[in-house]
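Please read the structure below before turning to the comments.
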Amino acid sequence: MDKPRLTREQIAQRAAIELPDGAYVNLGWGIPNLIADYLPKEITVYFHSENGILGMGRRAKPGEEDYDLVDAMKFPVTLIPGASFFHQADAHLMTRGGHLDVAVLGGFQVSEKGDLANWKIPGAKGSGGIGGAMDIAAGAKKLIVCMEHVSKDGAPKIVKKCTYPLTGLECVDTIVTDLAVIDVTPQGLSLREVAPGWRPDEVQKLAGAPLKTKGRVPEIHLQ
Amino acid sequence: MKKKVYPSLDEVVADVPHGARIMFGGFGGAGFPNNLIQALVRKGVKNITAISNNCGTREGELGLMFKHNQIKHVIASFPGPHSNHFQQRFAAKEVTLELVPQGILCERMRAAGAGLQGFYTTVGVGTEVAEGKEERTLEGKRCILEMPIHADFAFIKAQKADELGNLTYRLAARNFNPIMAMAAKTTIAEVEELVPVGAIEPEHVMTPAIFVHRIVQAKGLHYAG
């Protein structure tokens, strides 16, 4: 299938629409980190950085960097008015304790029950690393996963059961891929939107678990 | 009264023995006690158990100790993309690693400092992290038992100390430092500024002096990603 899919930036743009005005939000590495650039102009979101910042702003411009003011990926950042700093116990108290409204993580696999695997590829070289993903997965009020619909070798990343090392069980609420927006419900996965030009049955073929539909499935609409 | 301020980096680490368990503050390049780490490298201590969020940035932070093969075991959440000296030692089986979810790493240290004998959490249930740990259901949720992490020393970095050891931190350089300060038997603070007692407003103190045993002044070092 050579039909166009959403780019990584477009996945981020679609996920940004899921963020409510005034929300406290944590963005993980990869596609989620792009979301900050695509917030609808009319809303304010308070970004939580797990090293101990609430109200993180854009990345610092050249000449503006302060290496004591960095995000969890070591990039120098800025603050928005009303920001605060806190130590690591409070930073993850916020993630685990259900204080964040939305968290967005990248993913290698999501199961039909909402299990997430996102920290280690089996057989990969090196030690791997967990970071804050397990705390965030366990505690976010709403967890969105942004990822490609299939892996580079074409294998579905939406699966009946994760085969990669798990990050958390039954933690994902919504999946935004380059082909679809999918909700995890008690009845299984529900196909909410498809990429422009794609039919639900085509999106289903590239998923390893059933995607339920109710009536006509609308296309993803981006500004 | 015993003086907490030491005249030099080498003197403040002089009694750190081989095989010590040491917590190292810092995250994302900010708040690392890099001058204390360099002093440990000069001293040449071996067989250290290091407890830290990351495993160094090339030769910066803990990277220098891995380069000199001083660490035999590390408890960390995210070794990091530039932890090449750690990765080489890890691949050669010269260092062992316990990976811990970041918030749980912090909370296990906090438990040690708070006199708590462990806690139950939903974090990591059903994952590799849960292997070998007691599991039970509490309030309808599957939980695992996590135990405290103790240490002989905490090496931390603060912006400012008074001569009693009250500390303040700058911006996001606070991170793990206040927690580690509470958790170790001996806490050594590397600070940018040393001020007289009373110069830090009591309501601005971030780590109270009771948690800080030694202080040494040094110009802070950063290693960019």
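Naming scheme: A, B, ... for chains in displayed order of the structure tokens; residues 1 onward per chain; ligands 1 onward as shown.
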*Please return, as a ChimeraX atom specification, all residues of chain B lying within 9 Å of chain A when only C-alpha atoms are considered.*
/B:27-31,53,76-80,87-88,90-91,97,99-104,106-107,110,122-128,170-179,222-225
Taking N, CA and C atoms for each residue, export the selection above as a short mmCIF file (atom, residue, chain, number, x, y, z; two decimals), in the first residue's frame.
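And here is the file that came out, again_30.cif:
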```cif
data_model
loop_
_atom_site.label_atom_id
_atom_site.label_comp_id
_atom_site.auth_asym_id
_atom_site.auth_seq_id
_atom_site.Cartn_x
_atom_site.Cartn_y
_atom_site.Cartn_z
N PHE B 27 20.55 14.72 37.07
CA PHE B 27 19.60 14.21 36.05
C PHE B 27 19.63 15.20 34.89
N GLY B 28 19.73 14.66 33.69
CA GLY B 28 19.66 15.52 32.51
C GLY B 28 20.83 16.49 32.41
N GLY B 29 21.96 16.14 33.00
CA GLY B 29 23.13 17.00 32.93
C GLY B 29 23.19 18.06 34.02
N ALA B 30 22.09 18.22 34.78
CA ALA B 30 22.05 19.24 35.83
C ALA B 30 22.14 18.60 37.21
N GLY B 31 22.88 19.24 38.10
CA GLY B 31 22.90 18.79 39.49
C GLY B 31 23.79 17.60 39.76
N ASN B 53 20.58 8.10 38.66
CA ASN B 53 19.59 7.94 37.60
C ASN B 53 20.23 7.47 36.30
N ALA B 76 20.24 2.02 38.55
CA ALA B 76 19.91 3.20 37.75
C ALA B 76 18.57 2.99 37.07
N SER B 77 17.99 4.08 36.57
CA SER B 77 16.75 3.92 35.81
C SER B 77 17.00 4.02 34.31
N PHE B 78 17.95 4.85 33.93
CA PHE B 78 18.15 5.10 32.50
C PHE B 78 19.63 5.39 32.25
N PRO B 79 20.41 4.36 31.88
CA PRO B 79 21.85 4.59 31.68
C PRO B 79 22.12 5.75 30.73
N GLY B 80 21.32 5.90 29.67
CA GLY B 80 21.44 7.10 28.84
C GLY B 80 22.15 6.88 27.52
N GLN B 87 28.46 1.28 28.97
CA GLN B 87 28.01 0.21 28.06
C GLN B 87 29.14 -0.76 27.73
N GLN B 88 30.36 -0.23 27.58
CA GLN B 88 31.50 -1.11 27.30
C GLN B 88 31.77 -2.05 28.48
N PHE B 90 29.62 -2.89 30.75
CA PHE B 90 28.45 -3.76 30.90
C PHE B 90 28.54 -4.93 29.92
N ALA B 91 28.90 -4.60 28.67
CA ALA B 91 29.02 -5.65 27.64
C ALA B 91 30.13 -6.64 28.01
N LEU B 97 24.08 -4.42 36.50
CA LEU B 97 23.11 -3.33 36.49
C LEU B 97 21.79 -3.81 37.06
N LEU B 99 18.13 -2.30 36.87
CA LEU B 99 17.31 -1.23 36.30
C LEU B 99 16.05 -1.06 37.14
N VAL B 100 15.76 0.16 37.51
CA VAL B 100 14.64 0.47 38.40
C VAL B 100 13.83 1.61 37.75
N PRO B 101 12.50 1.51 37.73
CA PRO B 101 11.73 2.65 37.22
C PRO B 101 12.11 3.92 38.00
N GLN B 102 12.20 5.02 37.28
CA GLN B 102 12.79 6.24 37.83
C GLN B 102 12.14 6.72 39.13
N GLY B 103 10.82 6.79 39.13
CA GLY B 103 10.13 7.26 40.33
C GLY B 103 10.29 6.29 41.49
N ILE B 104 10.39 5.00 41.16
CA ILE B 104 10.55 3.98 42.19
C ILE B 104 11.98 4.01 42.74
N CYS B 106 13.69 6.65 43.08
CA CYS B 106 13.67 7.78 44.01
C CYS B 106 12.94 7.41 45.30
N GLU B 107 11.81 6.75 45.16
CA GLU B 107 10.98 6.44 46.32
C GLU B 107 11.65 5.38 47.22
N ARG B 110 13.98 7.35 49.16
CA ARG B 110 13.22 8.15 50.13
C ARG B 110 12.79 7.27 51.31
N THR B 122 1.95 -0.23 42.23
CA THR B 122 1.47 -0.84 40.98
C THR B 122 2.51 -0.71 39.87
N VAL B 123 3.50 0.16 40.06
CA VAL B 123 4.50 0.40 39.00
C VAL B 123 5.32 -0.87 38.76
N GLY B 124 5.38 -1.29 37.51
CA GLY B 124 6.20 -2.44 37.16
C GLY B 124 5.50 -3.78 37.26
N VAL B 125 4.26 -3.81 37.74
CA VAL B 125 3.52 -5.08 37.84
C VAL B 125 3.43 -5.72 36.45
N GLY B 126 3.75 -7.01 36.38
CA GLY B 126 3.66 -7.73 35.11
C GLY B 126 4.84 -7.51 34.18
N THR B 127 5.84 -6.75 34.64
CA THR B 127 7.02 -6.47 33.80
C THR B 127 8.24 -7.18 34.37
N GLU B 128 9.37 -7.06 33.68
CA GLU B 128 10.63 -7.64 34.17
C GLU B 128 11.00 -7.15 35.56
N ARG B 170 19.52 25.19 42.44
CA ARG B 170 19.21 26.14 41.37
C ARG B 170 18.37 25.44 40.29
N LEU B 171 17.24 26.06 39.90
CA LEU B 171 16.42 25.62 38.76
C LEU B 171 16.16 24.10 38.82
N ALA B 172 16.37 23.43 37.69
CA ALA B 172 16.08 21.99 37.65
C ALA B 172 17.25 21.13 38.11
N ALA B 173 18.25 21.75 38.73
CA ALA B 173 19.40 20.99 39.26
C ALA B 173 19.09 20.36 40.62
N ARG B 174 17.85 20.52 41.09
CA ARG B 174 17.48 19.94 42.38
C ARG B 174 17.35 18.42 42.25
N ASN B 175 16.50 18.00 41.35
CA ASN B 175 16.20 16.59 41.00
C ASN B 175 16.40 15.58 42.14
N PHE B 176 17.37 14.68 42.05
CA PHE B 176 17.51 13.62 43.05
C PHE B 176 18.25 14.08 44.32
N ASN B 177 18.88 15.25 44.27
CA ASN B 177 19.79 15.63 45.36
C ASN B 177 19.15 15.67 46.75
N PRO B 178 17.99 16.31 46.92
CA PRO B 178 17.41 16.36 48.28
C PRO B 178 17.03 14.97 48.81
N ILE B 179 16.63 14.07 47.91
CA ILE B 179 16.21 12.73 48.34
C ILE B 179 17.43 11.93 48.79
N HIS B 222 29.39 21.18 33.99
CA HIS B 222 28.30 20.60 33.20
C HIS B 222 28.87 19.85 32.00
N TYR B 223 28.22 18.76 31.65
CA TYR B 223 28.58 18.05 30.42
C TYR B 223 27.34 17.98 29.55
N ALA B 224 27.34 18.68 28.45
CA ALA B 224 26.16 18.73 27.58
C ALA B 224 25.95 17.38 26.91
N GLY B 225 24.68 17.11 26.58
CA GLY B 225 24.37 15.86 25.87
C GLY B 225 24.90 15.96 24.46
#
```
*May I have all residues of region 125-197 of chain B that DSSP, computed from the backbone, assigns to strand (DSSP E or B), given as a ChimeraX atom specification?*
/B:135-138,141-146,151-162,167-168,184-195
*DSSP on the backbone: what in region 15-90 of chain A comes out alpha helix (DSSP H), as a list in words?*
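Matching residues for alpha helix (DSSP H) in region 15-90 of chain A are Ala15, Ala16, Gln88, Ala89 and Asp90 of chain A.
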Produce a file of the selected residues containing N, CA and C atoms, as a tab-separated table (two decimals), in the first residue's frame.
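New file result-v1.tsv:
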```
chain	number	residue	atom	x	y	z
A	15	ALA	N	-2.44	14.15	17.91
A	15	ALA	CA	-2.47	13.86	19.35
A	15	ALA	C	-2.69	15.15	20.15
A	16	ALA	N	-2.17	16.26	19.64
A	16	ALA	CA	-2.31	17.55	20.36
A	16	ALA	C	-3.77	17.92	20.55
A	88	GLN	N	12.80	15.18	42.75
A	88	GLN	CA	12.42	14.00	41.99
A	88	GLN	C	11.28	13.21	42.65
A	89	ALA	N	11.20	13.20	43.96
A	89	ALA	CA	10.12	12.44	44.60
A	89	ALA	C	8.78	13.09	44.25
A	90	ASP	N	8.72	14.41	44.27
A	90	ASP	CA	7.48	15.09	43.88
A	90	ASP	C	7.21	14.94	42.38
```
_Among the residues B:Glu98, B:Gly26, B:Ile149, B:Ala39, the one that comes closest to Leu9 (chain B) [using only C-alpha atoms]_ = B:Ala39
